[in-house]
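**Q** As input, take run-v7.txt (compact mmCIF, C-alpha atoms):
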# COMPACT_ATOMS: atom_id res chain seq x y z
CA PHE A 1 31.18 149.29 157.24
CA TYR A 2 33.37 146.33 156.28
CA GLU A 3 30.91 143.78 157.63
CA LYS A 4 28.06 145.40 155.70
CA GLU A 5 29.89 145.61 152.38
CA ASN A 6 30.84 141.92 152.66
CA GLU A 7 27.31 140.93 153.68
CA LEU A 8 25.93 142.66 150.57
CA LYS A 9 28.75 141.24 148.38
CA LEU A 10 29.40 144.67 146.92
CA PHE A 11 32.80 143.73 145.52
CA GLU A 12 31.01 141.54 142.98
CA LEU A 13 29.26 144.52 141.33
CA GLU A 14 30.48 145.13 137.79
CA ILE A 15 29.78 147.37 134.78
CA ASP A 16 31.58 147.00 131.44
CA GLY A 17 34.06 144.57 133.04
CA VAL A 18 34.97 147.06 135.81
CA TYR A 19 34.40 145.89 139.39
CA TYR A 20 33.54 149.31 140.67
CA TRP A 21 32.88 148.99 144.41
CA GLN A 22 36.59 149.18 145.29
CA LEU A 23 36.77 152.37 143.22
CA ILE A 24 33.76 154.14 144.74
CA ARG A 25 34.40 153.07 148.34
CA PHE A 26 37.51 155.29 148.14
CA GLU A 27 35.18 158.27 147.56
CA LEU A 28 32.55 157.12 150.08
CA THR A 29 34.97 156.57 152.96
CA LYS A 30 36.52 159.97 152.24
CA ARG A 31 33.11 161.63 152.52
CA ILE A 32 32.36 159.81 155.76
CA ARG A 33 35.70 160.91 157.25
CA VAL A 34 35.10 164.52 156.25
CA ARG A 35 31.59 164.37 157.70
CA LEU A 36 32.85 162.91 161.01
CA SER A 37 35.78 165.31 161.31
CA SER A 38 36.10 169.07 161.27
CA ALA A 39 38.02 169.09 158.00
CA THR A 40 37.04 171.59 155.36
CA ASN A 41 38.26 172.14 151.82
CA SER A 42 38.69 175.84 151.22
CA GLN A 43 40.78 175.56 148.07
CA SER A 44 39.30 177.24 145.03
CA VAL A 45 39.89 175.79 141.58
CA SER A 46 39.96 177.60 138.26
CA TYR A 47 38.50 175.00 135.91
CA THR A 48 39.30 177.02 132.79
CA LYS A 49 43.01 177.18 133.70
CA ARG A 50 42.96 173.51 134.64
CA ILE A 51 41.48 172.48 131.27
CA ILE A 52 43.99 174.59 129.32
CA SER A 53 46.98 173.29 131.32
CA THR A 54 45.76 169.69 130.95
CA VAL A 55 45.46 169.97 127.17
CA ILE A 56 48.94 171.53 126.86
CA ALA A 57 50.43 168.82 129.11
CA ALA A 58 48.67 166.12 127.05
CA ILE A 59 50.37 167.33 123.86
CA LYS A 60 53.78 167.19 125.58
CA GLU A 61 53.12 163.73 127.03
CA LYS A 62 52.13 162.34 123.63
CA ARG A 63 55.53 163.39 122.29
CA LEU A 64 57.32 162.03 125.33
CA LEU A 65 56.36 158.38 124.84
CA LYS A 66 57.78 158.42 121.32
CA LYS A 67 61.26 159.13 122.71
CA VAL A 68 61.57 156.86 125.75
CA ASP A 69 63.90 153.91 126.06
CA ARG A 70 62.81 150.60 127.54
CA HIS A 71 63.47 150.21 131.27
CA SER A 72 63.11 147.19 133.54
CA ILE A 73 61.71 149.22 136.46
CA LEU A 74 59.08 151.92 136.05
CA LEU A 75 58.31 154.10 139.07
CA LEU A 76 54.88 155.76 139.22
CA ARG A 77 53.65 158.63 141.32
CA PRO A 78 52.13 161.21 138.99
CA CYS A 79 50.63 163.33 141.76
CA VAL A 80 53.86 164.19 143.59
CA ALA A 81 54.76 167.87 143.33
CA VAL A 82 58.33 169.18 143.44
CA ASP A 83 59.44 172.69 144.37
CA LYS A 84 61.43 173.83 141.33
CA THR A 85 63.58 176.28 143.32
CA THR A 86 64.76 173.79 145.96
CA ASN A 87 64.23 170.57 143.97
CA LYS A 88 62.56 169.20 147.10
CA ASN A 89 59.62 166.85 147.06
CA MET A 90 56.64 168.79 148.48
CA ASP A 91 54.45 165.77 149.14
CA HIS A 92 56.22 162.96 151.02
CA GLN A 93 59.96 163.39 151.22
CA TYR A 94 60.95 159.87 150.38
CA ASP A 95 64.28 159.34 148.69
CA PHE A 96 63.37 156.37 146.51
CA SER A 97 66.92 155.92 145.29
CA ASP A 98 67.78 154.49 148.73
CA ALA A 99 65.28 151.68 148.18
CA PHE A 100 67.31 150.25 145.30
CA CYS A 101 70.97 149.44 144.81
CA THR A 102 73.04 151.67 142.52
CA GLU A 103 72.91 149.21 139.63
CA GLU A 104 69.12 148.98 139.81
CA CYS A 105 68.80 152.78 139.84
CA GLU A 106 70.33 152.84 136.40
CA ASN A 107 67.39 150.75 135.17
CA ILE A 108 64.68 152.91 136.74
CA TYR A 109 62.63 155.43 134.82
CA ALA A 110 60.43 157.58 137.06
CA LEU A 111 57.16 159.20 136.02
CA GLY A 112 56.06 161.96 138.35
CA SER A 113 58.68 164.62 139.09
CA TYR A 114 61.02 162.55 141.25
CA TYR A 115 64.32 164.18 142.09
CA SER A 116 66.03 160.96 143.22
CA PHE A 117 66.70 159.47 139.80
CA PRO A 118 68.60 160.68 136.73
CA LYS A 119 65.87 159.49 134.35
CA THR A 120 62.79 161.31 135.59
CA VAL A 121 59.98 163.13 133.86
CA LYS A 122 56.85 164.91 134.98
CA TYR A 123 53.94 162.80 133.80
CA ASN A 124 50.42 163.51 135.06
CA MET A 125 48.30 161.30 132.80
CA SER A 126 47.12 164.45 131.07
CA ILE A 127 46.17 162.55 127.90
CA ALA A 128 43.70 160.44 129.87
CA GLU A 129 42.50 163.43 131.87
CA SER A 130 41.86 165.49 128.72
CA ARG A 131 39.66 162.64 127.46
CA MET A 132 37.78 162.68 130.75
CA ILE A 133 37.23 166.43 130.42
CA LEU A 134 35.73 165.88 126.97
CA TRP A 135 33.55 163.07 128.35
CA LYS A 136 32.28 165.34 131.16
CA ILE A 137 31.30 168.00 128.62
CA LYS A 138 29.42 165.43 126.54
CA ARG A 139 27.64 164.13 129.64
CA ILE A 140 26.46 167.63 130.49
CA LEU A 141 25.30 168.36 126.93
CA PHE A 142 23.78 165.05 125.83
CA GLY A 143 22.58 163.24 128.93
CA ARG A 144 23.93 161.64 132.05
CA PHE A 145 22.85 158.05 132.48
CA SER A 146 22.16 154.88 130.55
CA LYS A 147 20.11 151.87 131.65
CA LYS A 148 23.19 149.99 132.83
CA HIS A 149 23.83 152.72 135.42
CA VAL A 150 20.47 152.21 137.16
CA CYS A 151 21.40 151.91 140.82
CA GLU A 152 21.82 148.40 142.21
CA PRO A 153 19.47 147.60 145.17
CA ARG A 154 22.52 146.53 147.19
CA ILE A 155 24.08 149.96 146.70
CA ILE A 156 20.86 151.63 147.85
CA GLU A 157 20.86 149.46 150.99
CA MET A 158 24.50 150.44 151.65
CA LEU A 159 23.61 154.13 151.30
CA SER A 160 20.86 153.69 153.90
CA PHE A 161 23.40 152.05 156.21
CA ILE A 162 25.87 154.95 155.73
CA ARG A 163 23.13 157.49 156.41
CA ASP A 164 21.98 155.74 159.62
CA GLU A 165 25.41 154.75 160.93
CA TYR A 166 27.52 157.79 160.00
CA LYS A 167 24.90 160.54 159.47
CA THR A 168 26.32 161.01 155.97
CA GLU A 169 23.72 161.60 153.27
CA ILE A 170 24.56 160.46 149.73
CA SER A 171 21.65 160.47 147.29
CA VAL A 172 20.92 157.76 144.71
CA PHE A 173 21.39 160.35 141.96
CA GLU A 174 24.78 161.26 143.40
CA ILE A 175 25.98 157.65 143.69
CA ILE A 176 24.92 156.84 140.12
CA LYS A 177 26.91 159.85 138.96
CA ILE A 178 29.96 158.67 140.92
CA ILE A 179 29.68 155.10 139.60
CA GLN A 180 29.35 156.28 136.02
CA TYR A 181 32.38 158.53 136.40
CA VAL A 182 34.72 156.00 138.05
CA VAL A 183 33.85 153.26 135.53
CA LYS A 184 34.57 155.57 132.60
CA GLN A 185 37.70 156.93 134.27
CA HIS A 186 39.02 153.43 134.98
CA ILE A 187 38.56 152.38 131.33
CA VAL A 188 40.16 155.57 129.97
CA TYR A 189 43.10 155.45 132.37
CA MET A 190 43.69 151.75 131.74
CA THR A 191 43.93 152.50 128.02
CA GLU A 192 46.57 155.14 128.69
CA TRP A 193 48.55 152.96 131.10
CA ARG A 194 48.63 150.17 128.50
CA ARG A 195 50.19 152.66 126.10
CA VAL A 196 52.75 153.75 128.72
CA PHE A 197 53.68 150.20 129.69
CA SER A 198 54.00 149.16 126.04
CA ALA A 199 56.44 152.03 125.48
CA PHE A 200 58.65 151.19 128.50
CA ASN A 201 58.12 147.39 128.58
CA PRO A 202 58.99 147.23 132.31
CA ARG A 203 59.63 144.06 134.30
CA ILE A 204 58.08 145.62 137.39
CA VAL A 205 56.03 148.74 138.15
CA VAL A 206 56.63 150.46 141.50
CA LEU A 207 53.67 152.32 143.01
CA TYR A 208 53.38 154.93 145.72
CA PRO A 209 50.66 154.14 146.91
CA HIS A 210 47.99 151.98 145.19
CA TYR A 211 44.77 153.60 146.37
CA ASP A 212 43.62 156.27 143.98
CA THR A 213 41.71 155.92 140.72
CA ASN A 214 44.88 156.56 138.73
CA MET A 215 46.84 153.76 140.42
CA PHE A 216 43.88 151.34 140.43
CA ALA A 217 43.87 151.62 136.65
CA ALA A 218 47.66 151.22 136.46
CA ILE A 219 47.50 148.01 138.51
CA SER A 220 44.70 146.61 136.34
CA ALA A 221 46.62 147.39 133.14
CA ALA A 222 49.82 145.85 134.54
CA GLN A 223 47.99 142.69 135.65
CA GLU A 224 46.44 142.37 132.20
CA MET A 225 49.87 142.68 130.57
CA GLY A 226 51.60 140.27 132.97
CA ILE A 227 53.74 142.98 134.63
CA SER A 228 54.43 142.70 138.38
CA THR A 229 53.48 145.60 140.66
CA LEU A 230 55.19 146.65 143.90
CA GLU A 231 53.94 149.24 146.38
CA ILE A 232 56.36 150.89 148.80
CA GLN A 233 54.67 151.85 152.09
CA HIS A 234 54.62 155.63 152.32
CA GLY A 235 52.88 156.40 155.62
CA LEU A 236 51.09 155.08 158.68
CA THR A 237 48.17 152.69 158.46
CA ASN A 238 46.06 150.62 160.86
CA LYS A 239 43.81 147.57 160.96
CA TYR A 240 40.78 149.56 159.83
CA CYS A 241 42.26 151.66 157.05
CA PRO A 242 39.91 151.01 154.08
CA TYR A 243 42.78 150.66 151.61
CA TYR A 244 44.46 147.82 153.52
CA PHE A 245 41.43 146.13 155.06
CA LEU A 246 39.72 143.89 152.51
CA ASP A 247 38.01 140.52 152.51
CA THR A 248 40.86 138.05 152.06
CA SER A 249 38.73 135.75 149.89
CA LEU A 250 38.08 138.40 147.24
CA ASN A 251 39.24 138.34 143.62
CA ASN A 252 39.11 140.98 140.89
CA LEU A 253 40.74 143.59 143.13
CA CYS A 254 43.08 146.35 142.00
CA LEU A 255 45.86 145.45 144.41
CA PRO A 256 49.64 145.27 143.84
CA ASN A 257 51.42 141.91 143.73
CA TYR A 258 53.79 143.02 146.50
CA ILE A 259 53.80 145.62 149.28
CA ALA A 260 57.13 146.55 150.88
CA THR A 261 56.40 147.65 154.47
CA PHE A 262 58.36 149.54 157.12
CA GLY A 263 58.42 146.44 159.34
CA ASP A 264 56.62 143.33 160.60
CA PHE A 265 54.26 145.41 162.75
CA TRP A 266 52.72 146.95 159.62
CA ILE A 267 52.19 143.54 158.05
CA GLN A 268 50.07 142.61 161.07
CA GLU A 269 48.07 145.82 160.59
CA MET A 270 47.05 144.91 157.03
CA ARG A 271 44.38 142.44 155.97
CA LEU A 272 44.66 141.71 152.28
CA PRO A 273 44.08 138.72 149.97
CA GLU A 274 46.96 136.23 149.68
CA SER A 275 47.55 137.37 146.10
CA THR A 276 49.30 140.43 147.59
CA LYS A 277 52.57 139.42 149.23
CA LEU A 278 53.73 141.57 152.18
CA LYS A 279 57.45 141.99 152.88
CA ALA A 280 59.14 143.99 155.66
CA VAL A 281 62.01 146.03 154.19
CA GLY A 282 62.35 148.95 156.64
CA SER A 283 62.07 152.66 155.88
CA CYS A 284 65.11 153.68 153.86
CA TYR A 285 64.44 157.39 154.13
CA MET A 286 63.74 157.40 157.87
CA GLU A 287 66.86 155.33 158.58
CA LYS A 288 68.90 157.76 156.48
CA MET A 289 67.49 160.74 158.43
CA LEU A 290 68.09 159.08 161.82
CA ASN A 291 71.70 158.31 160.88
CA SER A 292 72.21 161.95 159.92
CA LEU A 293 71.06 163.05 163.38
CA GLY A 294 73.79 161.09 165.15
CA ASN A 295 73.59 161.45 168.94
CA ASP A 296 71.60 164.69 168.98
CA GLU A 297 70.24 164.79 172.54
CA SER A 298 67.62 167.42 171.62
CA THR A 299 65.47 164.64 170.12
CA ILE A 300 65.46 162.55 173.31
CA ASN A 301 62.13 162.47 175.19
CA LYS A 302 60.38 164.43 172.48
CA LEU A 303 56.84 163.38 171.59
CA LEU A 304 56.41 163.91 167.85
CA VAL A 305 52.81 164.27 166.68
CA LEU A 306 52.21 163.93 162.92
CA ILE A 307 49.13 165.88 161.84
CA ASN A 308 46.85 164.86 158.98
CA PRO A 309 44.27 167.54 158.01
CA ASP A 310 41.43 164.98 158.17
CA SER A 311 41.88 164.36 161.90
CA ALA A 312 43.90 167.41 162.95
CA PHE A 313 41.44 169.07 165.33
CA GLU A 314 40.60 165.89 167.23
CA LEU A 315 44.26 164.95 167.63
CA ILE A 316 45.33 168.45 168.69
CA ASP A 317 42.46 168.62 171.21
CA PHE A 318 43.64 165.32 172.70
CA ILE A 319 47.22 166.59 173.03
CA ILE A 320 46.19 169.90 174.63
CA GLU A 321 43.78 168.21 177.05
CA ASN A 322 46.58 165.91 178.26
CA ILE A 323 49.50 168.30 177.92
CA THR A 324 50.11 168.65 181.66
CA GLU A 325 50.42 164.89 182.13
CA ILE A 326 52.65 164.58 179.03
CA VAL A 327 55.03 167.29 180.27
CA GLU A 328 55.09 165.81 183.79
CA CYS A 329 56.24 162.52 182.23
CA GLY A 330 59.30 164.38 180.96
CA PHE A 331 58.32 164.80 177.32
CA LYS A 332 58.59 167.84 175.10
CA ILE A 333 55.91 168.09 172.41
CA ALA A 334 56.59 168.74 168.72
CA ILE A 335 53.80 168.85 166.15
CA LYS A 336 54.69 168.22 162.50
CA LEU A 337 52.15 169.77 160.16
CA HIS A 338 51.07 168.44 156.79
CA PRO A 339 52.99 170.17 153.95
CA ARG A 340 49.77 171.75 152.63
CA GLU A 341 49.32 173.59 155.93
CA HIS A 342 52.79 175.05 156.43
CA ASP A 343 51.79 178.55 155.34
CA ASN A 344 48.42 179.01 157.04
CA TRP A 345 48.69 177.01 160.27
CA LYS A 346 48.61 180.07 162.56
CA GLU A 347 45.23 181.07 161.16
CA LYS A 348 43.83 177.52 161.16
CA TYR A 349 45.29 176.37 164.51
CA PRO A 350 45.86 179.57 166.57
CA PHE A 351 45.68 177.51 169.79
CA LEU A 352 49.03 175.89 168.85
CA ILE A 353 50.84 179.18 169.40
CA ARG A 354 52.08 178.42 172.91
CA GLU A 355 55.41 177.96 174.67
CA ASP A 356 54.98 174.29 175.59
CA ILE A 357 54.43 173.12 171.97
CA GLU A 358 56.96 173.25 169.14
CA VAL A 359 55.31 173.49 165.71
CA ILE A 360 57.39 172.16 162.81
CA SER A 361 56.33 173.92 159.61
CA ASP A 362 59.61 173.88 157.69
CA PRO A 363 58.96 172.21 154.27
CA ASN A 364 62.55 170.95 154.20
CA ILE A 365 62.04 168.84 157.34
CA SER A 366 60.40 165.50 156.59
How would this structure read if it were set down as structure tokens?

**A**
Amino acid sequence: FYEKENELKLFELEIDGVYYWQLIRFELTKRIRVRLSSATNSQSVSYTKRIISTVIAAIKEKRLLKKVDRHSILLLRPCVAVDKTTNKNMDHQYDFSDAFCTEECENIYALGSYYSFPKTVKYNMSIAESRMILWKIKRILFGRFSKKHVCEPRIIEMLSFIRDEYKTEISVFEIIKIIQYVVKQHIVYMTEWRRVFSAFNPRIVVLYPHYDTNMFAAISAAQEMGISTLEIQHGLTNKYCPYYFLDTSLNNLCLPNYIATFGDFWIQEMRLPESTKLKAVGSCYMEKMLNSLGNDESTINKLLVLINPDSAFELIDFIIENITEIVECGFKIAIKLHPREHDNWKEKYPFLIREDIEVISDPNIS
């Protein structure tokens, strides 16, 4: 995939000043992964409720920016959810306050329901999203494409490659629709991030992580305004993760200026242009949790398997197939489920209900 996209020079493709291949490859690689795995998305969405809630949130957010003070550090993660009853982060339990000294914490304003900082507000870019909803309605009513969205021959060749190599069918009509959407979304979100950054006037913007359309736009807006961006590593990665494996000679990429990693090993696992500086800083939250355990011997010789829904079945099959050998080596097996699967894991993975596997489904355990 990476060799082909570089051969076709897809990162050079641009519409309205937006280099869109980095934006759509996020969607394409996701579709390929879903096609190659057994993952399914059974969640139903009420679009009427979503539109109403977005509009209401947009009104609140417009008022919010009129009241904020200027802060030197602005922390972004609009898509993190927090359980209001326990005040626990339901996405990735990362105590960001440990990543900064006490004095710096006083200068941090967090957008996105963080519970680690005193100055925190829920901010979901609802103003930008309400504009995108209106744009979608107009596209349905008055037409979908303009001449500038005619599909590039290089894109068509890449689609043929994806179909042949990964047995994943994406039509030309579908890809044009995706391109049109991400270009418009990037422009709309950049406009909103400019407004946010102008209100806070931060010295640095901290991201978690950089690779969704929301954060791509935030990085672009920050770069345009001369604001530094820092990403704190939030999970595992590898040499072939599409978000950290990019042609090092490329420009015009939506990448942070700095990435703070868990350690030197993770720096070796990333291939990014030199414009993004990698720095090993450790994992504040993990170190804090390990220190709290003390000398608990129950964690010794325990094989902890972290499950991601995209690859869950393949990974679980591997563990079960080799369970006898693992146990004979003196290991106990614990499987930590993704937070979204805590409630329904017995129905989805009934084969995990067995005495020789411990399933961790407590949302309060990170």

**Q** Can you tell me, as a VMD selection string, what residues are no more than 12 Å from Gln268 (chain A) when counting all atoms listed in the file, ignoring any on the same chain fewer than 2 positions away?

**A** chain A and resid 237 to 240 244 to 245 261 to 266 270 to 272 278 to 280

**Q** With C-alpha atoms retained, write the just-selected residues as a PDB file, in the frame of the given file.

**A**
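Wrote again.pdb, looks like this:
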ATOM      1  CA  THR A 237      48.170 152.690 158.460  1.00  0.00           C
ATOM      2  CA  ASN A 238      46.060 150.620 160.860  1.00  0.00           C
ATOM      3  CA  LYS A 239      43.810 147.570 160.960  1.00  0.00           C
ATOM      4  CA  TYR A 240      40.780 149.560 159.830  1.00  0.00           C
ATOM      5  CA  TYR A 244      44.460 147.820 153.520  1.00  0.00           C
ATOM      6  CA  PHE A 245      41.430 146.130 155.060  1.00  0.00           C
ATOM      7  CA  THR A 261      56.400 147.650 154.470  1.00  0.00           C
ATOM      8  CA  PHE A 262      58.360 149.540 157.120  1.00  0.00           C
ATOM      9  CA  GLY A 263      58.420 146.440 159.340  1.00  0.00           C
ATOM     10  CA  ASP A 264      56.620 143.330 160.600  1.00  0.00           C
ATOM     11  CA  PHE A 265      54.260 145.410 162.750  1.00  0.00           C
ATOM     12  CA  TRP A 266      52.720 146.950 159.620  1.00  0.00           C
ATOM     13  CA  MET A 270      47.050 144.910 157.030  1.00  0.00           C
ATOM     14  CA  ARG A 271      44.380 142.440 155.970  1.00  0.00           C
ATOM     15  CA  LEU A 272      44.660 141.710 152.280  1.00  0.00           C
ATOM     16  CA  LEU A 278      53.730 141.570 152.180  1.00  0.00           C
ATOM     17  CA  LYS A 279      57.450 141.990 152.880  1.00  0.00           C
ATOM     18  CA  ALA A 280      59.140 143.990 155.660  1.00  0.00           C
TER      19      ALA A 280
END

**Q** Using all atoms listed in the file, which residues sit within 8 Å of Asp16 (chain A) once same-chain residues fewer than 2 positions away are excluded, as a PyMOL selection string?

**A** chain A and resi 14+18+183

**Q** I'd like to know which of A:Glu358, A:Glu192, A:Glu321, A:Glu224 is closest to Ile335 (chain A), using all atoms listed in the file.

**A**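 Among the listed residues, the smallest separation from Ile335 (chain A) belongs to A:Glu358.
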
**Q** Would you compute the distance between CA of Ile56 (chain A) and CA of Glu129 (chain A)? Give it in Å to one decimal.

**A** 11.5 Å

**Q** Name all residues at most 10 Å from region 139-143 of chain A (count all atoms listed in the file; drop same-chain ones fewer than 5 positions away) and give them as a compact mmCIF listing (two decimals) with C-alpha atoms, keeping the file's coordinate frame.

**A**
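Saved the output as selection-v2.txt:
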# COMPACT_ATOMS: atom_id res chain seq x y z
CA ILE A 133 37.23 166.43 130.42
CA LEU A 134 35.73 165.88 126.97
CA TYR A 181 32.38 158.53 136.40

**Q** What is the CA of Gly282 (chain A) to CA of Ile333 (chain A) distance in Å?

**A**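 These two atoms are separated by 25.6 Å.
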
**Q** Could you rebuild region 328-340 of chain A with N, CA and C atoms and give me the result as an mmCIF file, in the coordinates of the input?

**A**
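So out23.cif came out as:
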data_model
loop_
_atom_site.group_PDB
_atom_site.id
_atom_site.type_symbol
_atom_site.label_atom_id
_atom_site.label_comp_id
_atom_site.auth_asym_id
_atom_site.auth_seq_id
_atom_site.Cartn_x
_atom_site.Cartn_y
_atom_site.Cartn_z
ATOM 1 N N GLU A 328 54.668 166.364 182.509
ATOM 2 C CA GLU A 328 55.090 165.810 183.790
ATOM 3 C C GLU A 328 55.832 164.489 183.626
ATOM 4 N N CYS A 329 55.541 163.773 182.524
ATOM 5 C CA CYS A 329 56.240 162.520 182.230
ATOM 6 C C CYS A 329 57.624 162.765 181.635
ATOM 7 N N GLY A 330 57.966 164.041 181.438
ATOM 8 C CA GLY A 330 59.300 164.380 180.960
ATOM 9 C C GLY A 330 59.426 164.540 179.456
ATOM 10 N N PHE A 331 58.291 164.679 178.780
ATOM 11 C CA PHE A 331 58.320 164.800 177.320
ATOM 12 C C PHE A 331 58.132 166.241 176.869
ATOM 13 N N LYS A 332 58.871 166.614 175.839
ATOM 14 C CA LYS A 332 58.590 167.840 175.100
ATOM 15 C C LYS A 332 57.710 167.472 173.914
ATOM 16 N N ILE A 333 56.867 168.397 173.480
ATOM 17 C CA ILE A 333 55.910 168.090 172.410
ATOM 18 C C ILE A 333 56.271 168.856 171.144
ATOM 19 N N ALA A 334 56.369 168.121 170.036
ATOM 20 C CA ALA A 334 56.590 168.740 168.720
ATOM 21 C C ALA A 334 55.491 168.261 167.788
ATOM 22 N N ILE A 335 54.873 169.189 167.093
ATOM 23 C CA ILE A 335 53.800 168.850 166.150
ATOM 24 C C ILE A 335 54.269 169.139 164.737
ATOM 25 N N LYS A 336 54.285 168.095 163.906
ATOM 26 C CA LYS A 336 54.690 168.220 162.500
ATOM 27 C C LYS A 336 53.446 168.364 161.651
ATOM 28 N N LEU A 337 53.320 169.486 160.977
ATOM 29 C CA LEU A 337 52.150 169.770 160.160
ATOM 30 C C LEU A 337 52.250 169.123 158.784
ATOM 31 N N HIS A 338 51.103 168.921 158.174
ATOM 32 C CA HIS A 338 51.070 168.440 156.790
ATOM 33 C C HIS A 338 51.634 169.528 155.884
ATOM 34 N N PRO A 339 52.385 169.154 154.839
ATOM 35 C CA PRO A 339 52.990 170.170 153.950
ATOM 36 C C PRO A 339 52.000 171.198 153.400
ATOM 37 N N ARG A 340 50.746 170.798 153.174
ATOM 38 C CA ARG A 340 49.770 171.750 152.630
ATOM 39 C C ARG A 340 49.389 172.835 153.630
#
